[in-house]
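Have a look at coords_18.pdb below; it lists PDB, C-alpha atoms.
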ATOM      1  CA  MET A   6       0.000   0.000   0.000  1.00  0.00           C
ATOM      2  CA  ASP A   7       2.778   2.346   0.873  1.00  0.00           C
ATOM      3  CA  ILE A   8       4.570   1.517  -2.349  1.00  0.00           C
ATOM      4  CA  LEU A   9       1.412   2.212  -4.348  1.00  0.00           C
ATOM      5  CA  GLU A  10       0.909   5.596  -2.658  1.00  0.00           C
ATOM      6  CA  PHE A  11       4.564   6.437  -3.284  1.00  0.00           C
ATOM      7  CA  ASN A  12       4.213   5.645  -6.968  1.00  0.00           C
ATOM      8  CA  ILE A  13       1.052   7.737  -7.191  1.00  0.00           C
ATOM      9  CA  ASN A  14       2.716  10.695  -5.444  1.00  0.00           C
ATOM     10  CA  TYR A  15       5.819  10.329  -7.585  1.00  0.00           C
ATOM     11  CA  GLN A  16       3.775  10.316 -10.785  1.00  0.00           C
ATOM     12  CA  LEU A  17       1.819  13.345  -9.544  1.00  0.00           C
ATOM     13  CA  ILE A  18       5.013  15.240  -8.824  1.00  0.00           C
ATOM     14  CA  LEU A  19       6.382  14.343 -12.248  1.00  0.00           C
ATOM     15  CA  SER A  20       3.127  15.477 -13.866  1.00  0.00           C
ATOM     16  CA  VAL A  21       3.242  18.814 -12.018  1.00  0.00           C
ATOM     17  CA  ILE A  22       6.892  19.330 -12.913  1.00  0.00           C
ATOM     18  CA  GLY A  23       6.195  18.371 -16.535  1.00  0.00           C
ATOM     19  CA  THR A  24       3.259  20.798 -16.674  1.00  0.00           C
ATOM     20  CA  ILE A  25       5.382  23.604 -15.215  1.00  0.00           C
ATOM     21  CA  LEU A  26       8.198  22.894 -17.669  1.00  0.00           C
ATOM     22  CA  ALA A  27       5.752  22.816 -20.560  1.00  0.00           C
ATOM     23  CA  VAL A  28       4.275  26.145 -19.484  1.00  0.00           C
ATOM     24  CA  LEU A  29       7.769  27.639 -19.145  1.00  0.00           C
ATOM     25  CA  LEU A  30       8.735  26.291 -22.547  1.00  0.00           C
ATOM     26  CA  VAL A  31       5.653  27.829 -24.170  1.00  0.00           C
ATOM     27  CA  PHE A  32       6.357  31.112 -22.380  1.00  0.00           C
ATOM     28  CA  LEU A  33       9.971  31.119 -23.541  1.00  0.00           C
ATOM     29  CA  ILE A  34       8.938  30.371 -27.117  1.00  0.00           C
ATOM     30  CA  LEU A  35       6.418  33.223 -27.067  1.00  0.00           C
ATOM     31  CA  GLN A  36       9.000  35.502 -25.493  1.00  0.00           C
ATOM     32  CA  PHE A  37      11.504  34.551 -28.185  1.00  0.00           C
ATOM     33  CA  PHE A  38       9.116  35.369 -31.023  1.00  0.00           C
ATOM     34  CA  TRP A  39       8.109  38.640 -29.333  1.00  0.00           C
ATOM     35  CA  LEU A  40      11.722  39.712 -28.898  1.00  0.00           C
ATOM     36  CA  ARG A  41      12.527  38.713 -32.460  1.00  0.00           C
ATOM     37  CA  ALA A  42       9.648  40.780 -33.791  1.00  0.00           C
ATOM     38  CA  LYS A  43      10.798  43.754 -31.702  1.00  0.00           C
ATOM     39  CA  VAL A  44      14.375  43.389 -32.937  1.00  0.00           C
ATOM     40  CA  ASN A  45      13.141  43.238 -36.524  1.00  0.00           C
ATOM     41  CA  ARG A  46      11.156  46.433 -36.058  1.00  0.00           C
ATOM     42  CA  LEU A  47      14.162  48.165 -34.533  1.00  0.00           C
ATOM     43  CA  TYR A  48      16.361  46.945 -37.365  1.00  0.00           C
ATOM     44  CA  ARG A  49      13.951  48.286 -39.976  1.00  0.00           C
ATOM     45  CA  LYS A  50      13.886  51.651 -38.214  1.00  0.00           C
ATOM     46  CA  TYR A  51      17.674  51.693 -37.952  1.00  0.00           C
ATOM     47  CA  LYS A  52      18.045  50.800 -41.634  1.00  0.00           C
ATOM     48  CA  TYR A  53      15.540  53.496 -42.624  1.00  0.00           C
ATOM     49  CA  PHE A  54      17.335  56.028 -40.423  1.00  0.00           C
ATOM     50  CA  MET A  55      20.767  55.168 -41.797  1.00  0.00           C
ATOM     51  CA  MET A  56      19.753  54.959 -45.446  1.00  0.00           C
ATOM     52  CA  GLY A  57      16.935  57.482 -45.652  1.00  0.00           C
ATOM     53  CA  GLU A  58      14.076  57.633 -48.105  1.00  0.00           C
ATOM     54  CA  ASP A  59      16.332  58.167 -51.109  1.00  0.00           C
ATOM     55  CA  GLY A  60      18.843  55.510 -50.071  1.00  0.00           C
ATOM     56  CA  GLY A  61      21.533  57.985 -49.064  1.00  0.00           C
ATOM     57  CA  SER A  62      23.638  57.202 -46.031  1.00  0.00           C
ATOM     58  CA  ILE A  63      23.121  59.495 -43.061  1.00  0.00           C
ATOM     59  CA  GLU A  64      26.876  59.476 -42.499  1.00  0.00           C
ATOM     60  CA  MET A  65      27.359  60.932 -45.967  1.00  0.00           C
ATOM     61  CA  LYS A  66      24.641  63.499 -45.323  1.00  0.00           C
ATOM     62  CA  LEU A  67      26.214  64.548 -42.038  1.00  0.00           C
ATOM     63  CA  SER A  68      29.600  64.799 -43.734  1.00  0.00           C
ATOM     64  CA  THR A  69      28.080  67.027 -46.419  1.00  0.00           C
ATOM     65  CA  GLU A  70      26.345  69.203 -43.833  1.00  0.00           C
ATOM     66  CA  VAL A  71      29.566  69.603 -41.825  1.00  0.00           C
ATOM     67  CA  ARG A  72      31.495  70.495 -44.976  1.00  0.00           C
ATOM     68  CA  GLU A  73      28.888  73.082 -45.991  1.00  0.00           C
ATOM     69  CA  LEU A  74      28.886  74.499 -42.469  1.00  0.00           C
ATOM     70  CA  ARG A  75      32.675  74.773 -42.554  1.00  0.00           C
ATOM     71  CA  ASP A  76      32.467  76.572 -45.914  1.00  0.00           C
ATOM     72  CA  MET A  77      29.922  78.959 -44.428  1.00  0.00           C
ATOM     73  CA  VAL A  78      32.225  79.659 -41.480  1.00  0.00           C
ATOM     74  CA  GLU A  79      35.156  80.334 -43.818  1.00  0.00           C
ATOM     75  CA  SER A  80      32.967  82.587 -45.974  1.00  0.00           C
ATOM     76  CA  SER A  81      31.791  84.442 -42.873  1.00  0.00           C
ATOM     77  CA  GLN A  82      35.374  84.947 -41.748  1.00  0.00           C
ATOM     78  CA  GLY A  83      36.250  86.301 -45.208  1.00  0.00           C
ATOM     79  CA  MET A  84      33.311  88.707 -45.027  1.00  0.00           C
ATOM     80  CA  LEU A  85      34.421  89.868 -41.593  1.00  0.00           C
ATOM     81  CA  HIS A  86      37.911  90.487 -42.968  1.00  0.00           C
ATOM     82  CA  GLN A  87      36.483  92.512 -45.858  1.00  0.00           C
ATOM     83  CA  GLN A  88      34.283  94.418 -43.438  1.00  0.00           C
ATOM     84  CA  GLU A  89      37.308  95.207 -41.303  1.00  0.00           C
ATOM     85  CA  LEU A  90      39.198  96.493 -44.352  1.00  0.00           C
ATOM     86  CA  LEU A  91      36.240  98.636 -45.404  1.00  0.00           C
ATOM     87  CA  ALA A  92      35.870  99.999 -41.880  1.00  0.00           C
ATOM     88  CA  THR A  93      39.564 100.905 -41.780  1.00  0.00           C
ATOM     89  CA  MET A  94      39.377 102.553 -45.187  1.00  0.00           C
ATOM     90  CA  GLN A  95      36.281 104.509 -44.218  1.00  0.00           C
ATOM     91  CA  LEU A  96      37.836 105.685 -40.979  1.00  0.00           C
ATOM     92  CA  LYS A  97      40.749 107.079 -42.989  1.00  0.00           C
ATOM     93  CA  SER A  98      38.598 108.736 -45.662  1.00  0.00           C
ATOM     94  CA  PHE A  99      37.236 112.276 -45.478  1.00  0.00           C
ATOM     95  CA  GLN A 100      33.642 112.153 -44.273  1.00  0.00           C
ATOM     96  CA  LYS A 101      33.134 115.374 -42.294  1.00  0.00           C
ATOM     97  CA  ILE A 102      33.087 118.708 -44.058  1.00  0.00           C
ATOM     98  CA  GLY A 103      32.893 122.256 -42.771  1.00  0.00           C
ATOM     99  CA  LEU A 104      32.714 125.245 -45.145  1.00  0.00           C
ATOM    100  CA  VAL A 105      32.663 128.938 -44.272  1.00  0.00           C
ATOM    101  CA  ARG A 106      32.564 131.597 -46.981  1.00  0.00           C
ATOM    102  CA  TYR A 107      33.461 135.211 -46.248  1.00  0.00           C
ATOM    103  CA  ASP A 108      35.037 138.362 -47.585  1.00  0.00           C
ATOM    104  CA  ALA A 109      38.712 138.444 -46.650  1.00  0.00           C
ATOM    105  CA  PHE A 110      38.948 141.987 -47.939  1.00  0.00           C
ATOM    106  CA  ASP A 111      36.192 144.558 -47.715  1.00  0.00           C
ATOM    107  CA  GLU A 112      36.572 145.694 -51.295  1.00  0.00           C
ATOM    108  CA  THR A 113      36.152 142.261 -52.917  1.00  0.00           C
ATOM    109  CA  GLY A 114      32.535 141.312 -52.110  1.00  0.00           C
ATOM    110  CA  ASP A 115      30.578 138.197 -53.136  1.00  0.00           C
ATOM    111  CA  LYS A 116      32.325 136.149 -50.386  1.00  0.00           C
ATOM    112  CA  LEU A 117      34.999 134.715 -52.668  1.00  0.00           C
ATOM    113  CA  SER A 118      37.227 133.664 -49.758  1.00  0.00           C
ATOM    114  CA  PHE A 119      36.531 130.463 -47.844  1.00  0.00           C
ATOM    115  CA  SER A 120      37.781 128.079 -45.148  1.00  0.00           C
ATOM    116  CA  LEU A 121      37.200 124.406 -45.877  1.00  0.00           C
ATOM    117  CA  THR A 122      37.742 121.644 -43.313  1.00  0.00           C
ATOM    118  CA  LEU A 123      37.986 117.980 -44.321  1.00  0.00           C
ATOM    119  CA  LEU A 124      38.093 115.381 -41.529  1.00  0.00           C
ATOM    120  CA  ASP A 125      38.131 111.568 -41.480  1.00  0.00           C
ATOM    121  CA  GLY A 126      36.414 109.244 -39.023  1.00  0.00           C
ATOM    122  CA  LYS A 127      39.037 109.953 -36.359  1.00  0.00           C
ATOM    123  CA  ASN A 128      38.793 113.736 -36.812  1.00  0.00           C
ATOM    124  CA  ASN A 129      42.136 113.934 -38.578  1.00  0.00           C
ATOM    125  CA  GLY A 130      42.442 116.014 -41.709  1.00  0.00           C
ATOM    126  CA  VAL A 131      43.153 119.489 -43.019  1.00  0.00           C
ATOM    127  CA  VAL A 132      41.671 122.971 -43.084  1.00  0.00           C
ATOM    128  CA  LEU A 133      42.151 124.890 -46.328  1.00  0.00           C
ATOM    129  CA  SER A 134      41.782 128.644 -46.460  1.00  0.00           C
ATOM    130  CA  SER A 135      41.613 130.673 -49.645  1.00  0.00           C
ATOM    131  CA  LEU A 136      41.966 134.460 -49.399  1.00  0.00           C
ATOM    132  CA  ALA A 137      40.727 136.040 -52.602  1.00  0.00           C
ATOM    133  CA  GLY A 138      41.542 139.629 -53.531  1.00  0.00           C
ATOM    134  CA  HIS A 139      41.296 141.751 -56.630  1.00  0.00           C
ATOM    135  CA  ASP A 140      44.929 141.287 -57.624  1.00  0.00           C
ATOM    136  CA  ALA A 141      45.877 137.924 -56.081  1.00  0.00           C
ATOM    137  CA  SER A 142      44.642 134.941 -54.106  1.00  0.00           C
ATOM    138  CA  ARG A 143      46.413 132.958 -51.431  1.00  0.00           C
ATOM    139  CA  ILE A 144      45.713 129.424 -50.217  1.00  0.00           C
ATOM    140  CA  TYR A 145      46.793 128.101 -46.800  1.00  0.00           C
ATOM    141  CA  ALA A 146      46.638 124.552 -45.472  1.00  0.00           C
ATOM    142  CA  LYS A 147      46.814 123.576 -41.810  1.00  0.00           C
ATOM    143  CA  ALA A 148      46.800 120.068 -40.368  1.00  0.00           C
ATOM    144  CA  VAL A 149      44.063 118.958 -37.969  1.00  0.00           C
ATOM    145  CA  THR A 150      44.719 116.073 -35.560  1.00  0.00           C
ATOM    146  CA  GLY A 151      41.992 114.700 -33.333  1.00  0.00           C
ATOM    147  CA  GLY A 152      39.813 117.697 -34.108  1.00  0.00           C
ATOM    148  CA  GLU A 153      42.459 120.188 -33.000  1.00  0.00           C
ATOM    149  CA  CYS A 154      44.952 122.344 -34.876  1.00  0.00           C
ATOM    150  CA  ARG A 155      48.259 123.311 -33.319  1.00  0.00           C
ATOM    151  CA  GLU A 156      48.678 126.322 -35.577  1.00  0.00           C
ATOM    152  CA  THR A 157      47.042 129.668 -35.039  1.00  0.00           C
ATOM    153  CA  LEU A 158      43.558 129.728 -36.516  1.00  0.00           C
ATOM    154  CA  SER A 159      41.465 132.552 -37.825  1.00  0.00           C
ATOM    155  CA  ALA A 160      37.881 132.918 -36.671  1.00  0.00           C
ATOM    156  CA  GLU A 161      36.618 131.504 -39.981  1.00  0.00           C
ATOM    157  CA  GLU A 162      38.966 128.491 -39.798  1.00  0.00           C
ATOM    158  CA  ALA A 163      37.903 127.728 -36.225  1.00  0.00           C
ATOM    159  CA  GLU A 164      34.245 128.005 -37.288  1.00  0.00           C
ATOM    160  CA  SER A 165      34.885 125.673 -40.219  1.00  0.00           C
ATOM    161  CA  ILE A 166      36.477 123.058 -37.947  1.00  0.00           C
ATOM    162  CA  GLY A 167      33.564 123.365 -35.523  1.00  0.00           C
ATOM    163  CA  ILE A 168      31.048 122.779 -38.318  1.00  0.00           C
ATOM    164  CA  ALA A 169      32.938 119.671 -39.452  1.00  0.00           C
ATOM    165  CA  LEU A 170      33.142 118.270 -35.924  1.00  0.00           C
ATOM    166  CA  ASN A 171      29.421 118.845 -35.357  1.00  0.00           C
ATOM    167  CA  THR A 172      28.375 117.220 -38.618  1.00  0.00           C
ATOM    168  CA  LEU A 173      25.334 115.054 -37.893  1.00  0.00           C
ATOM    169  CA  MET A 174      25.917 111.776 -39.691  1.00  0.00           C
ATOM    170  CA  PRO A 175      25.857 108.075 -38.706  1.00  0.00           C
ATOM    171  CA  ASP A 176      29.307 106.948 -37.689  1.00  0.00           C
ATOM    172  CA  VAL A 177      29.146 103.927 -39.968  1.00  0.00           C
ATOM    173  CA  ALA A 178      32.855 103.239 -39.862  1.00  0.00           C
ATOM    174  CA  LYS A 179      32.969 103.209 -36.070  1.00  0.00           C
ATOM    175  CA  LYS A 180      29.940 100.913 -35.893  1.00  0.00           C
ATOM    176  CA  ALA A 181      31.467  98.584 -38.462  1.00  0.00           C
ATOM    177  CA  GLU A 182      34.729  98.466 -36.541  1.00  0.00           C
ATOM    178  CA  ASP A 183      32.884  97.726 -33.282  1.00  0.00           C
ATOM    179  CA  ALA A 184      30.912  94.969 -35.047  1.00  0.00           C
ATOM    180  CA  VAL A 185      34.133  93.393 -36.325  1.00  0.00           C
ATOM    181  CA  HIS A 186      35.671  93.384 -32.850  1.00  0.00           C
ATOM    182  CA  ALA A 187      32.459  91.977 -31.345  1.00  0.00           C
ATOM    183  CA  ASP A 188      32.411  89.149 -33.908  1.00  0.00           C
ATOM    184  CA  LYS A 189      36.061  88.379 -33.192  1.00  0.00           C
ATOM    185  CA  GLU A 190      35.378  88.167 -29.455  1.00  0.00           C
ATOM    186  CA  LYS A 191      32.355  85.948 -30.118  1.00  0.00           C
ATOM    187  CA  ASN A 192      34.411  83.583 -32.249  1.00  0.00           C
ATOM    188  CA  ASP A 193      37.096  83.451 -29.556  1.00  0.00           C
ATOM    189  CA  GLU A 194      34.516  82.594 -26.887  1.00  0.00           C
ATOM    190  CA  ASN A 195      32.742  80.000 -29.083  1.00  0.00           C
ATOM    191  CA  PRO A 196      35.347  77.823 -30.851  1.00  0.00           C
ATOM    192  CA  SER A 197      32.689  75.658 -32.549  1.00  0.00           C
ATOM    193  CA  ALA A 198      33.987  76.583 -35.969  1.00  0.00           C
ATOM    194  CA  ARG A 199      37.427  75.265 -35.105  1.00  0.00           C
ATOM    195  CA  ARG A 200      35.879  72.058 -33.737  1.00  0.00           C
ATOM    196  CA  ILE A 201      33.922  71.604 -36.945  1.00  0.00           C
ATOM    197  CA  ASP A 202      37.075  72.081 -38.984  1.00  0.00           C
ATOM    198  CA  ARG A 203      38.960  69.510 -36.949  1.00  0.00           C
ATOM    199  CA  THR A 204      36.039  67.056 -37.181  1.00  0.00           C
ATOM    200  CA  GLU A 205      35.916  67.380 -40.954  1.00  0.00           C
ATOM    201  CA  LYS A 206      39.659  66.865 -41.263  1.00  0.00           C
ATOM    202  CA  LYS A 207      39.458  63.669 -39.217  1.00  0.00           C
TER     203      LYS A 207
END
Hey, can you dump this file as structure tokens for me?
Amino acid sequence: MDILEFNINYQLILSVIGTILAVLLVFLILQFFWLRAKVNRLYRKYKYFMMGEDGGSIEMKLSTEVRELRDMVESSQGMLHQQELLATMQLKSFQKIGLVRYDAFDETGDKLSFSLTLLDGKNNGVVLSSLAGHDASRIYAKAVTGGECRETLSAEEAESIGIALNTLMPDVAKKAEDAVHADKEKNDENPSARRIDRTEKK
């Protein structure tokens, strides 16, 4: 009797273990197919991402974008250099004018004499004075540095310099120069362009 009960219990245990193993096997098979399907979906997405709709590799696209960005940076630097040259040239060109006409001699009339001041962006330049008379005319030139003249000035010459200094005009050259310096400081603080260049070279 005991042997019969032992056999029954042993067969029951084997049946339970077999059922559990069968359930685990089915679960593992289902899990395998589920994971495989997920991996296939991920692979299709990866392939689509790497190749794109037109079949082009994303690595090639990124390389092209980096190269175009580097060309844009180089072009921008060239434009900044040209802007700096233009700003320097404009600062050194005459852009402020002061003109005073008068009669140097009482008998001449018609205000044929004049004092003309020409100044650049840094208030450096020259004041020209022409004294016209009936028999002769004389022209004088005096240097102006920083808006001041070291030589003795007549009232008309001083007025001409004052008119030139008070000329209301946008200081384009100074703004351009400040913009160039600001861009240089920005490039120094943000070396992304240099990183892009090194990445492309690699």
- Chain and number of each residue from the PyMOL selection byres ((chain A and resi 94-97) around 9), as a list of chain:residue names: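 Matching residues under the PyMOL selection byres ((chain A and resi 94-97) around 9) are A:Glu89, A:Leu90, A:Leu91, A:Ala92, A:Thr93, A:Ser98, A:Phe99, A:Gln100, A:Leu124, A:Asp125, A:Gly126, A:Lys127, A:Asn129, A:Val177, A:Ala178, A:Lys179.
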- Query: Residues picked by the PyMOL selection byres ((chain A and resi 158-165) around 6) here, as a PyMOL selection string?
  - Reply: chain A and resi 103-105+120+122+157+166-168
- Task: Using all atoms listed in the file, determine which residues lie at most 6 Å from A:Phe119, disregarding the query and same-chain residues fewer than 3 positions distant; provide the list as a PyMOL selection string.
- Result: chain A and resi 105-107+134-135
- Item | Option closest in space to A:Ala137, from A:Phe32, A:Phe54, A:Phe38, A:Phe110 [counting only C-alpha atoms] |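 The shortest atom-to-atom distance to A:Ala137 comes from A:Phe110.
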Taking the file as shown, what set of residues would the PyMOL selection byres ((chain A and resi 146) around 7) give back, as a PDB file with C-alpha atoms, keeping the file's coordinate frame?
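Written out: expr14.pdb:
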ATOM      1  CA  VAL A 131      43.153 119.489 -43.019  1.00  0.00           C
ATOM      2  CA  VAL A 132      41.671 122.971 -43.084  1.00  0.00           C
ATOM      3  CA  LEU A 133      42.151 124.890 -46.328  1.00  0.00           C
ATOM      4  CA  SER A 134      41.782 128.644 -46.460  1.00  0.00           C
ATOM      5  CA  ILE A 144      45.713 129.424 -50.217  1.00  0.00           C
ATOM      6  CA  TYR A 145      46.793 128.101 -46.800  1.00  0.00           C
ATOM      7  CA  LYS A 147      46.814 123.576 -41.810  1.00  0.00           C
ATOM      8  CA  ALA A 148      46.800 120.068 -40.368  1.00  0.00           C
TER       9      ALA A 148
END
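When atom CA of A:Arg155 is paired with atom CA of A:Thr172, their separation reads 21.5 Å.
Between atom CA of A:Val149 and atom CA of A:Ile102 lies a distance of 12.6 Å.
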- Message: Between atom CA of A:Gln88 and atom CA of A:Asp76, what is the distance in Å, rounded to a tenth?
- Response: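 One can read the atom CA of A:Gln88 to atom CA of A:Asp76 distance as 18.1 Å.
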- Item | Of the listed residues A:Leu123, A:Leu117, A:Leu136, A:Cys154, that which approaches A:Ala169 most closely, counting only C-alpha atoms | A:Leu123
